[in-house]
Amino acid sequence: MYHGAVTNFDVARLFGEMARLLEVRGESGFRVRAYQRAAQSIEALAEELTAVAARGELQKIPGVGKDLAARITEFLETGAIAQLEALRREVPPGFLALLEVRGLGPKTAKLLLDRLAVDSVDRLEAVCKSGEILAVAGIREKTRDNILKGIAIWRAGRARMPLAQARAIAREVVAALTAQARVERIEIAGSLRRARETVKDIDLLATATDPARVIEAFVSLPSVLDVVGAGGTKAAVHHREGIQIDLRVVDPDAVGAALQYFTGSKDHNVRLREMASRRQLKISEYGVFDETTGTRIAGATEPDVYAAVGLPWIPPELRENGGEIEAALAGTLPALVTADRIRGDLHAHTDWSDGHHPIETLIEAAEARGYEYIIVSDHSQSATVARGLSVDRLREQIRTLRALQPRFKIRILAGSECDVLADGALDFPSEVLRELDIVLAAVHSRFTQGRAEMTARIVRALENPCVQILVHPTGRLIGSREPYDVDLEAVFVAARAHGKAVEINCSPDRLDLKDSHARRAAELGVPIAISTDAHYLANLDNLELGVATARRAWIGPAQVLNTRPVDELLAWARAGRPAYPS
DNA sequence: GCCGTTTTCGGCCCGACTGTTTTCAGTCG
């Protein structure tokens, strides 16, 4: 049987596979798109499919109609989809991996399967190298070389790049292009602008009087490994850090339309085009046009493009076809949190445990950022690898913090990132925890507990009156560790019931909670702490990643714990905690 | 396969680049 926590992901993946199989089979592209669209909308779903199914509301999911709802039900009940099993039998196992090779699409892959029995990437490479592939109609040397390149990239790494790394690369390239070419304006678009947690490639958009010169400068950058393609207005390259970068140069009159177009998401844009079409308008990357007269009515700015179809401007982080179009139509788009609303960091380490700076250095850095408060939250005694503090060391640290306070304007709060033990008990006794201003609860051990056990463990920690914030609630490490198996819905419900907050941890490899989970928590009324978990001073800059995640989760400033002034924060913390019995 | 301010049938987003072609299909975003 399947874990509830991964069911949405499983169904999305299986629908995606069905889409590819149908495409190889030569089915209607619209049918293929229907599966893809449903897959994406299920993956973005904040709630678990089992819960939606229990309410009989599967068909309320965008892109899910009668047939796909039946497939989901079938999967939930039996753990399999018969139609998918049948489709799989039509092609050799491993064949679908061919479609992951850039430059090779479903048509050619099927052709190669039929003609040369190409059923794997290895076999594909073999027929390319032997030259057999040249016997297939429509494939000459260039196509073969292109496929070989695609295979090399496929092998080099299929993983998507984390947001933080891609963002850094994009900013570097933008700076280099600005310095070297006469670029009027250059913008980051694509999934990077939408702040997805990982990205497949980097999309850049520039305006310039001499596009050819910008393209030339771009493909000549020292960080460029090789050029995928280059024309008069667009080029694509492989960056040495292992990601593709696409650049488009557009006319200044059309930069708004182009930015809108290349920011995506694809599904968001499809919705927009459909709306335009109903108004006898046509949207392309060149502008908004009257379908009958061909007159151009918008394009210079993004807000103009949205206005042309009767919508207010929609923040990029929301453009996932996750309800933002409906909200925009209804005038209920949320005012999203911004980094400048954050008044303090709620999670940071010092060299008392596994941080790398003395307390004073951390405090000075936080004060220099203009924060109103900073929590020092080192590890607790069980976290031996992180040199967790003993009860005595913790008390010594609290005394140290109190003694330091008069020297600083920033409010110094004493905290602890306290381990949640295997049974849900906390790693320090309550009488010690009560001496702290804020207590963070964290799971750092026994990740392999079963779903019921892990859920009960975390819920018990949330029931503890000494705890205020559950940090990195799923324990995942992007690209290296799966989240532990936990019923997050039950965790959020418990957090709300007991007046606790949950964290969006800003560490680039965590981003935990992730966007869809944070959206659900906030929807349930659970306050969200956006905190860096800084171990180095530079980590304080990771705040923007957490803010971006919160924005993707539709979160406004009022839902964020650390937009509150310090007195309000402390009053909230004390409210859930009964006074220490005498 | 989905979906509805013209619709329960007949639509479904749009364009650039590449390689292979004498006019276009495949792939990608």
# chains A, B, ... in the order shown; residues from 1 in each chain; ligands from 1
>>> interface_residues(of="chain A", to="chain B", cutoff="10 Å", atoms="only C-alpha atoms (C1' of nucleotides)", output="ChimeraX atom specification")
/A:28-35,37-38,62-68,102-108,137-143,190,203,229-235,246,261-262,264,266-267,269-274,276-278,282-286
>>> select_by_dssp(residues="stretch 305-412 of chain A", states="strand (DSSP E)", output="ChimeraX atom specification")
/A:344-345,373-379,411-412
>>> select_by_dssp(residues="stretch 234-442 of chain A", states="helix (DSSP H, G or I)", output="VMD selection string")
chain A and resid 252 to 263 266 to 278 302 to 308 316 to 318 324 to 330 339 to 341 359 to 368 384 to 386 391 to 407 430 to 433
>>> write_last_selection(atoms="C-alpha atoms", output="tab-separated table (two decimals), in the first residue's frame")
chain	number	residue	atom	x	y	z
A	252	PRO	CA	11.67	47.36	-25.88
A	253	ASP	CA	8.05	47.84	-27.00
A	254	ALA	CA	7.41	44.16	-26.40
A	255	VAL	CA	9.47	43.54	-23.27
A	256	GLY	CA	6.40	43.34	-21.03
A	257	ALA	CA	4.77	40.73	-23.23
A	258	ALA	CA	8.04	38.83	-23.54
A	259	LEU	CA	8.67	38.90	-19.80
A	260	GLN	CA	5.16	37.65	-19.16
A	261	TYR	CA	5.53	34.96	-21.79
A	262	PHE	CA	8.93	33.68	-20.70
A	263	THR	CA	8.13	33.76	-17.00
A	266	LYS	CA	3.24	27.19	-19.21
A	267	ASP	CA	-0.11	26.36	-17.62
A	268	HIS	CA	-0.59	29.91	-16.40
A	269	ASN	CA	0.09	31.22	-19.89
A	270	VAL	CA	-2.28	28.75	-21.50
A	271	ARG	CA	-5.04	30.04	-19.23
A	272	LEU	CA	-4.19	33.62	-20.14
A	273	ARG	CA	-4.26	32.86	-23.86
A	274	GLU	CA	-7.59	31.15	-23.52
A	275	MET	CA	-8.97	34.24	-21.80
A	276	ALA	CA	-7.52	36.43	-24.52
A	277	SER	CA	-9.02	34.26	-27.21
A	278	ARG	CA	-12.50	34.68	-25.72
A	302	GLU	CA	3.55	43.22	-17.86
A	303	PRO	CA	0.68	45.03	-16.13
A	304	ASP	CA	-0.51	46.18	-19.60
A	305	VAL	CA	-0.63	42.59	-20.81
A	306	TYR	CA	-2.69	41.46	-17.83
A	307	ALA	CA	-4.92	44.52	-18.08
A	308	ALA	CA	-5.68	43.67	-21.72
A	316	PRO	CA	5.40	35.72	-10.66
A	317	GLU	CA	5.52	33.37	-7.66
A	318	LEU	CA	1.78	32.75	-8.04
A	324	GLU	CA	-4.28	32.79	-9.18
A	325	ILE	CA	-6.36	33.50	-12.31
A	326	GLU	CA	-9.59	32.97	-10.38
A	327	ALA	CA	-8.32	35.11	-7.50
A	328	ALA	CA	-7.26	37.85	-9.91
A	329	LEU	CA	-10.71	37.81	-11.53
A	330	ALA	CA	-12.37	37.98	-8.14
A	339	ALA	CA	11.70	40.54	2.88
A	340	ASP	CA	11.59	44.07	4.25
A	341	ARG	CA	8.65	43.11	6.47
A	359	ILE	CA	27.42	35.02	19.77
A	360	GLU	CA	28.47	38.66	19.54
A	361	THR	CA	29.36	38.33	15.86
A	362	LEU	CA	25.96	36.88	15.04
A	363	ILE	CA	24.19	39.61	16.98
A	364	GLU	CA	26.21	42.36	15.33
A	365	ALA	CA	25.41	40.95	11.91
A	366	ALA	CA	21.71	40.76	12.71
A	367	GLU	CA	21.74	44.31	14.03
A	368	ALA	CA	23.57	45.49	10.92
A	384	THR	CA	25.92	15.27	19.95
A	385	VAL	CA	27.26	15.55	16.39
A	386	ALA	CA	26.15	19.20	16.41
A	391	VAL	CA	21.52	21.89	30.60
A	392	ASP	CA	24.38	23.66	32.35
A	393	ARG	CA	25.81	25.05	29.09
A	394	LEU	CA	22.36	26.22	28.00
A	395	ARG	CA	21.87	28.05	31.30
A	396	GLU	CA	25.31	29.57	30.92
A	397	GLN	CA	24.39	30.70	27.41
A	398	ILE	CA	21.15	32.28	28.65
A	399	ARG	CA	23.11	34.22	31.30
A	400	THR	CA	25.62	35.29	28.64
A	401	LEU	CA	22.84	36.55	26.35
A	402	ARG	CA	21.16	38.50	29.13
A	403	ALA	CA	24.49	40.04	30.08
A	404	LEU	CA	25.17	41.05	26.46
A	405	GLN	CA	21.80	42.77	26.00
A	406	PRO	CA	22.75	46.19	27.46
A	407	ARG	CA	25.48	46.54	24.82
A	430	SER	CA	10.27	21.83	31.09
A	431	GLU	CA	11.74	23.85	33.95
A	432	VAL	CA	14.78	24.56	31.77
A	433	LEU	CA	12.75	25.29	28.62
>>> residues_around(residues="A:Gln165", least_positions_apart="3", cutoff="12 Å", atoms="only C-alpha atoms (C1' of nucleotides)", output="PDB file with C-alpha atoms, in the first residue's frame")
ATOM      1  CA  ARG A 160      17.400  19.924 -11.469  1.00  0.00           C
ATOM      2  CA  MET A 161      19.540  22.657  -9.997  1.00  0.00           C
ATOM      3  CA  PRO A 162      18.617  24.141  -6.602  1.00  0.00           C
ATOM      4  CA  ALA A 168      23.620  32.979  -8.235  1.00  0.00           C
ATOM      5  CA  ILE A 169      24.648  31.851 -11.728  1.00  0.00           C
ATOM      6  CA  ALA A 170      21.924  33.948 -13.343  1.00  0.00           C
ATOM      7  CA  ARG A 171      22.979  37.059 -11.437  1.00  0.00           C
ATOM      8  CA  GLU A 172      26.600  36.518 -12.476  1.00  0.00           C
ATOM      9  CA  LEU A 192      13.777  31.132 -11.600  1.00  0.00           C
ATOM     10  CA  ALA A 195      11.251  31.008  -7.506  1.00  0.00           C
ATOM     11  CA  GLU A 197      12.783  25.342  -5.497  1.00  0.00           C
ATOM     12  CA  THR A 198      14.731  23.747  -8.319  1.00  0.00           C
ATOM     13  CA  VAL A 199      15.066  24.800 -11.951  1.00  0.00           C
ATOM     14  CA  LYS A 200      15.867  22.962 -15.159  1.00  0.00           C
ATOM     15  CA  ASP A 201      17.315  25.948 -16.974  1.00  0.00           C
ATOM     16  CA  ILE A 202      17.808  29.684 -16.672  1.00  0.00           C
ATOM     17  CA  GLU A 241      28.159  24.660 -13.655  1.00  0.00           C
ATOM     18  CA  GLY A 242      25.865  22.274 -15.452  1.00  0.00           C
ATOM     19  CA  ILE A 243      22.778  24.179 -16.473  1.00  0.00           C
ATOM     20  CA  PRO A 508      18.945  26.278   0.361  1.00  0.00           C
ATOM     21  CA  ASP A 509      18.991  22.498   0.672  1.00  0.00           C
ATOM     22  CA  ASN A 542      19.138  32.984   2.685  1.00  0.00           C
ATOM     23  CA  LEU A 545      14.762  32.044  -0.387  1.00  0.00           C
TER      24      LEU A 545
END
>>> decode(residues="stretch 248-264 of chain A", atoms="N, CA and C atoms", output="tab-separated table (two decimals), in the first residue's frame")
chain	number	residue	atom	x	y	z
A	248	ARG	N	16.87	35.56	-24.70
A	248	ARG	CA	16.08	36.13	-25.79
A	248	ARG	C	16.32	37.62	-25.79
A	249	VAL	N	16.52	38.18	-26.97
A	249	VAL	CA	16.63	39.63	-27.09
A	249	VAL	C	15.37	40.13	-27.78
A	250	VAL	N	14.67	41.06	-27.14
A	250	VAL	CA	13.40	41.51	-27.69
A	250	VAL	C	13.38	43.03	-27.83
A	251	ASP	N	12.40	43.49	-28.58
A	251	ASP	CA	12.18	44.90	-28.79
A	251	ASP	C	11.66	45.53	-27.48
A	252	PRO	N	12.14	46.74	-27.13
A	252	PRO	CA	11.67	47.36	-25.88
A	252	PRO	C	10.14	47.51	-25.82
A	253	ASP	N	9.52	47.71	-26.97
A	253	ASP	CA	8.05	47.84	-27.00
A	253	ASP	C	7.34	46.56	-26.57
A	254	ALA	N	8.06	45.45	-26.66
A	254	ALA	CA	7.41	44.16	-26.40
A	254	ALA	C	7.94	43.50	-25.14
A	255	VAL	N	8.78	44.21	-24.38
A	255	VAL	CA	9.47	43.54	-23.27
A	255	VAL	C	8.49	43.06	-22.19
A	256	GLY	N	7.39	43.79	-22.01
A	256	GLY	CA	6.40	43.34	-21.03
A	256	GLY	C	5.77	42.03	-21.44
A	257	ALA	N	5.39	41.96	-22.71
A	257	ALA	CA	4.77	40.73	-23.23
A	257	ALA	C	5.77	39.58	-23.19
A	258	ALA	N	7.02	39.87	-23.53
A	258	ALA	CA	8.04	38.83	-23.54
A	258	ALA	C	8.32	38.34	-22.11
A	259	LEU	N	8.41	39.27	-21.19
A	259	LEU	CA	8.67	38.90	-19.80
A	259	LEU	C	7.53	38.04	-19.27
A	260	GLN	N	6.32	38.44	-19.58
A	260	GLN	CA	5.16	37.65	-19.16
A	260	GLN	C	5.25	36.26	-19.78
A	261	TYR	N	5.52	36.23	-21.07
A	261	TYR	CA	5.53	34.96	-21.79
A	261	TYR	C	6.61	34.02	-21.24
A	262	PHE	N	7.82	34.55	-21.08
A	262	PHE	CA	8.93	33.68	-20.70
A	262	PHE	C	9.02	33.44	-19.20
A	263	THR	N	8.18	34.07	-18.43
A	263	THR	CA	8.13	33.76	-17.00
A	263	THR	C	7.27	32.54	-16.75
A	264	GLY	N	6.26	32.33	-17.61
A	264	GLY	CA	5.40	31.17	-17.42
A	264	GLY	C	4.54	31.32	-16.18
